[in-house]
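K.L.:
Sharing a structure here in structure tokens format.
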Amino acid sequence: MSTVALRPVQDTDLDALFEQMRDPEAVRMAAFTARDPDDRAAFDAHMHKLRTSPEVTLRAVTSDGRLVGTIGNFVMDGDTEVTYWIDRSAWGQGIASRALALVLAELLVRPVYARAASDNLGSLRVLHKAGFVAIGTEVAYAAARDAEIEETVLRLD
């Protein structure tokens with residue numbers, strides 16, 4: 001089993017993260033992504049905003065020292081929410097689950113919320129394993145699919 005660790009996102013991570021976040025299959029599964037995953041200027045502006053906002057904690061996820069994604073938490077409408085992106089080459093290895101456990105151990109706020117496309121079974125499995133419980137669904141526009149889709153809303157108390 002690989003060693004999963006979290007660290008601050010560094011400038012030197014941005015090229016690799018940009019490539020990870022434009023993988024067509026990963027974008028389709030995440031569904032709620034940038035309007036144009038190939039727009040580097042928009043990506044850089046978004047990452048700058050995330051990395052400098054006092055209401056956002058963004059971490060790089062590494063597996064045996066290799067950058068494999070990001071994980072973080074943010075506040076929206078007063079609620080703390082977690083989000084993550086794991087490179088498709090690292091799917092199915094338990095990395096998201098271990099990264100989420102590390103974040104939740106540091107995040108003392110409860111409840112914590114999460115959202116995932118209802119057909120993203122891998123992400124829903126990660127969240128359920130961490131103790132999140134589905135509390136409802138919403139239909140929202142998913143830029144990656146150019147359609148309204150169902151999103152599952154989950155909560156961890």
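Simple scheme: letters A, B, ... for chains in structure tokens order, numbers from 1 for residues in each chain, numbers from 1 for ligands in the order shown.
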Using DSSP on the backbone, list every residue of chain A that comes out as strand (DSSP E), and give them as JSON, numbers by chain.
P.N.:
{"A": [4, 5, 6, 7, 8, 56, 57, 58, 59, 60, 61, 62, 63, 66, 67, 68, 69, 70, 71, 72, 73, 74, 75, 76, 79, 80, 81, 82, 83, 84, 85, 86, 112, 113, 114, 115, 116, 117, 133, 134, 135, 136, 137, 138, 139, 140, 141, 142, 147, 148, 149, 150, 151, 152, 153, 154, 155, 156]}
K.L.:
Give me, as a ChimeraX atom specification, all polymer residues having an atom no more than 8 Å from Gly136 in chain A, counting only C-alpha atoms and skipping those fewer than 3 positions away in the same chain.
P.N.:
/A:152-154
K.L.:
Those same residues, written as a PDB file, in the first residue's frame with N, CA and C atoms?
P.N.:
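Result file out-v3.pdb:
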ATOM      1  N   THR A 152     -25.694  14.111  -5.735  1.00  0.00           N
ATOM      2  CA  THR A 152     -26.009  13.651  -4.387  1.00  0.00           C
ATOM      3  C   THR A 152     -25.320  14.566  -3.379  1.00  0.00           C
ATOM      4  N   VAL A 153     -26.076  15.002  -2.391  1.00  0.00           N
ATOM      5  CA  VAL A 153     -25.569  15.842  -1.309  1.00  0.00           C
ATOM      6  C   VAL A 153     -25.397  14.944  -0.091  1.00  0.00           C
ATOM      7  N   LEU A 154     -24.212  15.004   0.516  1.00  0.00           N
ATOM      8  CA  LEU A 154     -23.902  14.149   1.667  1.00  0.00           C
ATOM      9  C   LEU A 154     -23.456  14.986   2.844  1.00  0.00           C
TER      10      LEU A 154
END
K.L.:
Could I get the residues of range 53-137 of chain A with an atom no further than 7 Å from an atom of range 23-35 of chain A, each paired with its nearest atom pair and that distance in Å to one decimal, using only C-alpha atoms, sorted by chain and residue number, as a tab-separated table?
P.N.:
residue	atom	partner	partner_atom	distance
A:Arg88	CA	A:Ala26	CA	6.3
A:Ala117	CA	A:Ala31	CA	6.6
A:Asn120	CA	A:Met29	CA	5.8
K.L.:
Using N, CA, C and O atoms, can you write the selected residues to a file as a PDB file, in the first residue's frame?
P.N.:
ATOM      1  N   ARG A  88      -6.644  10.077 -12.692  1.00  0.00           N
ATOM      2  CA  ARG A  88      -7.246   8.798 -13.095  1.00  0.00           C
ATOM      3  C   ARG A  88      -6.265   7.642 -12.978  1.00  0.00           C
ATOM      4  O   ARG A  88      -6.652   6.513 -12.692  1.00  0.00           O
ATOM      5  N   ALA A 117     -21.619  13.807  -8.406  1.00  0.00           N
ATOM      6  CA  ALA A 117     -22.594  13.381  -9.407  1.00  0.00           C
ATOM      7  C   ALA A 117     -23.145  12.035  -8.957  1.00  0.00           C
ATOM      8  O   ALA A 117     -22.396  11.159  -8.520  1.00  0.00           O
ATOM      9  N   ASN A 120     -21.451   8.964 -10.118  1.00  0.00           N
ATOM     10  CA  ASN A 120     -20.020   8.818  -9.827  1.00  0.00           C
ATOM     11  C   ASN A 120     -19.879   7.876  -8.634  1.00  0.00           C
ATOM     12  O   ASN A 120     -19.652   8.289  -7.505  1.00  0.00           O
TER      13      ASN A 120
END
K.L.:
Rank nothing, just name the residue among A:Val56, A:Met76, A:Val82, A:Ala16 nearest to Ser123 in chain A, using only C-alpha atoms.
P.N.:
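Going through A:Val56, A:Met76, A:Val82, A:Ala16 one by one, the smallest distance to Ser123 in chain A is for A:Val82.
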K.L.:
I need the residues of range 59-97 of chain A that end up classed as helix (DSSP H, G or I) by DSSP on the backbone, written out as a ChimeraX atom specification.
P.N.:
/A:88-90,95-97
K.L.:
Next, the residues of the selection above should be written as a PDB file, in the first residue's frame with all heavy atoms.
P.N.:
ATOM      1  N   ARG A  88      -6.644  10.077 -12.692  1.00  0.00           N
ATOM      2  CA  ARG A  88      -7.246   8.798 -13.095  1.00  0.00           C
ATOM      3  C   ARG A  88      -6.265   7.642 -12.978  1.00  0.00           C
ATOM      4  O   ARG A  88      -6.652   6.513 -12.692  1.00  0.00           O
ATOM      5  CB  ARG A  88      -7.799   8.905 -14.517  1.00  0.00           C
ATOM      6  CG  ARG A  88      -8.605   7.675 -14.913  1.00  0.00           C
ATOM      7  CD  ARG A  88      -9.532   7.941 -16.066  1.00  0.00           C
ATOM      8  NE  ARG A  88      -8.914   8.497 -17.236  1.00  0.00           N
ATOM      9  CZ  ARG A  88      -8.677   7.819 -18.356  1.00  0.00           C
ATOM     10  NH1 ARG A  88      -9.012   6.555 -18.445  1.00  0.00           N
ATOM     11  NH2 ARG A  88      -8.135   8.428 -19.379  1.00  0.00           N
ATOM     12  N   SER A  89      -4.972   7.887 -13.166  1.00  0.00           N
ATOM     13  CA  SER A  89      -3.979   6.811 -13.048  1.00  0.00           C
ATOM     14  C   SER A  89      -3.905   6.250 -11.630  1.00  0.00           C
ATOM     15  O   SER A  89      -3.369   5.169 -11.418  1.00  0.00           O
ATOM     16  CB  SER A  89      -2.588   7.314 -13.465  1.00  0.00           C
ATOM     17  OG  SER A  89      -2.082   8.226 -12.507  1.00  0.00           O
ATOM     18  N   ALA A  90      -4.470   6.973 -10.655  1.00  0.00           N
ATOM     19  CA  ALA A  90      -4.421   6.541  -9.260  1.00  0.00           C
ATOM     20  C   ALA A  90      -5.788   6.083  -8.734  1.00  0.00           C
ATOM     21  O   ALA A  90      -5.920   5.790  -7.545  1.00  0.00           O
ATOM     22  CB  ALA A  90      -3.881   7.682  -8.391  1.00  0.00           C
ATOM     23  N   ILE A  95      -6.477   5.858  -2.517  1.00  0.00           N
ATOM     24  CA  ILE A  95      -5.788   7.130  -2.259  1.00  0.00           C
ATOM     25  C   ILE A  95      -6.776   8.213  -1.831  1.00  0.00           C
ATOM     26  O   ILE A  95      -6.525   8.941  -0.862  1.00  0.00           O
ATOM     27  CB  ILE A  95      -4.958   7.547  -3.483  1.00  0.00           C
ATOM     28  CG1 ILE A  95      -3.802   6.548  -3.670  1.00  0.00           C
ATOM     29  CG2 ILE A  95      -4.448   8.973  -3.343  1.00  0.00           C
ATOM     30  CD1 ILE A  95      -3.068   6.674  -4.977  1.00  0.00           C
ATOM     31  N   ALA A  96      -7.888   8.320  -2.522  1.00  0.00           N
ATOM     32  CA  ALA A  96      -8.889   9.333  -2.145  1.00  0.00           C
ATOM     33  C   ALA A  96      -9.399   9.090  -0.732  1.00  0.00           C
ATOM     34  O   ALA A  96      -9.544  10.032   0.054  1.00  0.00           O
ATOM     35  CB  ALA A  96     -10.041   9.346  -3.143  1.00  0.00           C
ATOM     36  N   SER A  97      -9.638   7.836  -0.394  1.00  0.00           N
ATOM     37  CA  SER A  97     -10.130   7.515   0.954  1.00  0.00           C
ATOM     38  C   SER A  97      -9.123   7.908   2.018  1.00  0.00           C
ATOM     39  O   SER A  97      -9.484   8.484   3.059  1.00  0.00           O
ATOM     40  CB  SER A  97     -10.433   6.019   1.063  1.00  0.00           C
ATOM     41  OG  SER A  97     -11.518   5.677   0.234  1.00  0.00           O
TER      42      SER A  97
END
K.L.:
Compile the contact shell of Gly131 in chain A as a PDB file with N, CA, C and O atoms, in the first residue's frame: residues with an atom at most 12 Å away, counting only C-alpha atoms, same-chain residues fewer than 5 positions apart removed.
P.N.:
ATOM      1  N   SER A  97      -9.638   7.836  -0.394  1.00  0.00           N
ATOM      2  CA  SER A  97     -10.130   7.515   0.954  1.00  0.00           C
ATOM      3  C   SER A  97      -9.123   7.908   2.018  1.00  0.00           C
ATOM      4  O   SER A  97      -9.484   8.484   3.059  1.00  0.00           O
ATOM      5  N   LEU A 100      -8.878  11.766   2.218  1.00  0.00           N
ATOM      6  CA  LEU A 100     -10.056  12.310   2.885  1.00  0.00           C
ATOM      7  C   LEU A 100      -9.975  12.080   4.395  1.00  0.00           C
ATOM      8  O   LEU A 100     -10.306  12.975   5.182  1.00  0.00           O
ATOM      9  N   ALA A 101      -9.514  10.924   4.812  1.00  0.00           N
ATOM     10  CA  ALA A 101      -9.360  10.654   6.248  1.00  0.00           C
ATOM     11  C   ALA A 101      -8.377  11.640   6.880  1.00  0.00           C
ATOM     12  O   ALA A 101      -8.606  12.120   8.002  1.00  0.00           O
ATOM     13  N   LEU A 104     -10.194  15.041   7.166  1.00  0.00           N
ATOM     14  CA  LEU A 104     -11.239  15.019   8.195  1.00  0.00           C
ATOM     15  C   LEU A 104     -10.656  14.976   9.599  1.00  0.00           C
ATOM     16  O   LEU A 104     -11.254  15.500  10.542  1.00  0.00           O
ATOM     17  N   PRO A 111     -21.286  19.865  11.084  1.00  0.00           N
ATOM     18  CA  PRO A 111     -21.193  18.878  10.007  1.00  0.00           C
ATOM     19  C   PRO A 111     -20.309  19.369   8.860  1.00  0.00           C
ATOM     20  O   PRO A 111     -20.052  20.565   8.714  1.00  0.00           O
ATOM     21  N   VAL A 112     -19.861  18.417   8.070  1.00  0.00           N
ATOM     22  CA  VAL A 112     -19.115  18.665   6.842  1.00  0.00           C
ATOM     23  C   VAL A 112     -19.955  18.098   5.704  1.00  0.00           C
ATOM     24  O   VAL A 112     -20.531  17.007   5.836  1.00  0.00           O
ATOM     25  N   TYR A 113     -20.009  18.811   4.600  1.00  0.00           N
ATOM     26  CA  TYR A 113     -20.810  18.393   3.457  1.00  0.00           C
ATOM     27  C   TYR A 113     -19.907  17.994   2.290  1.00  0.00           C
ATOM     28  O   TYR A 113     -18.744  18.386   2.226  1.00  0.00           O
ATOM     29  N   ALA A 114     -20.471  17.243   1.382  1.00  0.00           N
ATOM     30  CA  ALA A 114     -19.796  16.870   0.135  1.00  0.00           C
ATOM     31  C   ALA A 114     -20.868  16.675  -0.920  1.00  0.00           C
ATOM     32  O   ALA A 114     -22.042  16.446  -0.597  1.00  0.00           O
ATOM     33  N   LEU A 124     -18.785   8.427  -4.578  1.00  0.00           N
ATOM     34  CA  LEU A 124     -19.791   8.179  -3.536  1.00  0.00           C
ATOM     35  C   LEU A 124     -19.310   7.100  -2.564  1.00  0.00           C
ATOM     36  O   LEU A 124     -19.529   7.206  -1.355  1.00  0.00           O
ATOM     37  N   ARG A 125     -18.626   6.083  -3.076  1.00  0.00           N
ATOM     38  CA  ARG A 125     -18.088   5.012  -2.222  1.00  0.00           C
ATOM     39  C   ARG A 125     -17.037   5.589  -1.251  1.00  0.00           C
ATOM     40  O   ARG A 125     -17.028   5.253  -0.064  1.00  0.00           O
ATOM     41  N   VAL A 126     -16.168   6.462  -1.745  1.00  0.00           N
ATOM     42  CA  VAL A 126     -15.161   7.106  -0.895  1.00  0.00           C
ATOM     43  C   VAL A 126     -15.842   7.878   0.237  1.00  0.00           C
ATOM     44  O   VAL A 126     -15.458   7.772   1.409  1.00  0.00           O
ATOM     45  N   LEU A 154     -24.212  15.004   0.516  1.00  0.00           N
ATOM     46  CA  LEU A 154     -23.902  14.149   1.667  1.00  0.00           C
ATOM     47  C   LEU A 154     -23.456  14.986   2.844  1.00  0.00           C
ATOM     48  O   LEU A 154     -22.955  16.100   2.690  1.00  0.00           O
ATOM     49  N   ARG A 155     -23.620  14.425   4.059  1.00  0.00           N
ATOM     50  CA  ARG A 155     -23.231  15.124   5.282  1.00  0.00           C
ATOM     51  C   ARG A 155     -22.535  14.157   6.247  1.00  0.00           C
ATOM     52  O   ARG A 155     -22.938  13.006   6.373  1.00  0.00           O
ATOM     53  N   LEU A 156     -21.527  14.681   6.909  1.00  0.00           N
ATOM     54  CA  LEU A 156     -20.835  13.946   7.978  1.00  0.00           C
ATOM     55  C   LEU A 156     -21.013  14.736   9.254  1.00  0.00           C
ATOM     56  O   LEU A 156     -20.608  15.905   9.347  1.00  0.00           O
ATOM     57  N   ASP A 157     -21.667  14.120  10.236  1.00  0.00           N
ATOM     58  CA  ASP A 157     -21.899  14.802  11.536  1.00  0.00           C
ATOM     59  C   ASP A 157     -20.769  14.524  12.505  1.00  0.00           C
ATOM     60  O   ASP A 157     -20.015  13.604  12.378  1.00  0.00           O
TER      61      ASP A 157
END
K.L.:
Using only C-alpha atoms, pick whichever of A:Arg7, A:Arg22, A:His46, A:Arg115 has the shortest atom-to-atom distance to Thr70 in chain A.
P.N.:
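Under the stated criterion, the closest residue is A:Arg7.
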K.L.:
Taking only C-alpha atoms into account, which of A:Ala144, A:Val68, A:Val133, A:Val75 comes nearest Pro54 in chain A?
P.N.:
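Checking each of A:Ala144, A:Val68, A:Val133, A:Val75 against Pro54 in chain A, counting only C-alpha atoms, the winner is A:Val75.
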K.L.:
Mind pulling up the distance from CA of Thr57 in chain A to CA of Asp77 in chain A?
P.N.:
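One can read the CA of Asp77 in chain A to CA of Thr57 in chain A distance as 16.1 Å.
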K.L.:
Taking only C-alpha atoms into account, which of A:Thr12, A:Thr62, A:Gln20, A:Thr3 comes nearest Asp87 in chain A?
P.N.:
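The shortest atom-to-atom distance to Asp87 in chain A comes from A:Gln20.
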K.L.:
So which one's closest to Ser2 in chain A, A:Ala134, A:Val139, A:Ala147, A:Val61? Using only C-alpha atoms, please.
P.N.:
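Using only C-alpha atoms, Ser2 in chain A sits closest to A:Val61.
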K.L.:
Tell me which of A:Ala116, A:Arg145, A:Gly122, A:Asp79 sits closest to Trp91 in chain A, counting only C-alpha atoms.
P.N.:
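Looking at the shortest contact to Trp91 in chain A, the residue is A:Gly122.
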K.L.:
Please list as a list in words every residue within 6 Å of Arg59 in chain A, counting only C-alpha atoms and excluding residues in the same chain fewer than 2 positions away.
P.N.:
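Near neighbours after the sequence-gap exclusion: Leu6, Arg7, Pro8, Val9, Thr70, Ile71 and Gly72 of chain A.
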K.L.:
Now that the selection is made, can you save its residues with N, CA and C atoms as a short mmCIF file (atom, residue, chain, number, x, y, z; two decimals), in the first residue's frame?
P.N.:
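File written: result_24.cif
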data_model
loop_
_atom_site.label_atom_id
_atom_site.label_comp_id
_atom_site.auth_asym_id
_atom_site.auth_seq_id
_atom_site.Cartn_x
_atom_site.Cartn_y
_atom_site.Cartn_z
N LEU A 6 -0.41 14.72 2.50
CA LEU A 6 -0.93 16.00 2.04
C LEU A 6 0.12 17.07 2.29
N ARG A 7 0.17 18.05 1.42
CA ARG A 7 1.07 19.19 1.58
C ARG A 7 0.46 20.37 0.85
N PRO A 8 0.95 21.58 1.11
CA PRO A 8 0.43 22.73 0.36
C PRO A 8 0.69 22.57 -1.13
N VAL A 9 -0.21 23.09 -1.94
CA VAL A 9 -0.01 23.10 -3.39
C VAL A 9 1.08 24.12 -3.69
N THR A 70 -5.54 16.73 -5.73
CA THR A 70 -5.76 17.75 -4.71
C THR A 70 -6.95 17.36 -3.85
N ILE A 71 -6.97 17.93 -2.68
CA ILE A 71 -8.11 17.78 -1.77
C ILE A 71 -8.21 19.05 -0.96
N GLY A 72 -9.41 19.39 -0.60
CA GLY A 72 -9.55 20.61 0.18
C GLY A 72 -10.91 20.75 0.80
#
K.L.:
Just give me the gap between CA of Gln93 in chain A and CA of Glu151 in chain A in Å, one decimal is fine.
P.N.:
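CA of Glu151 in chain A lies at a distance of 24.0 Å from CA of Gln93 in chain A.
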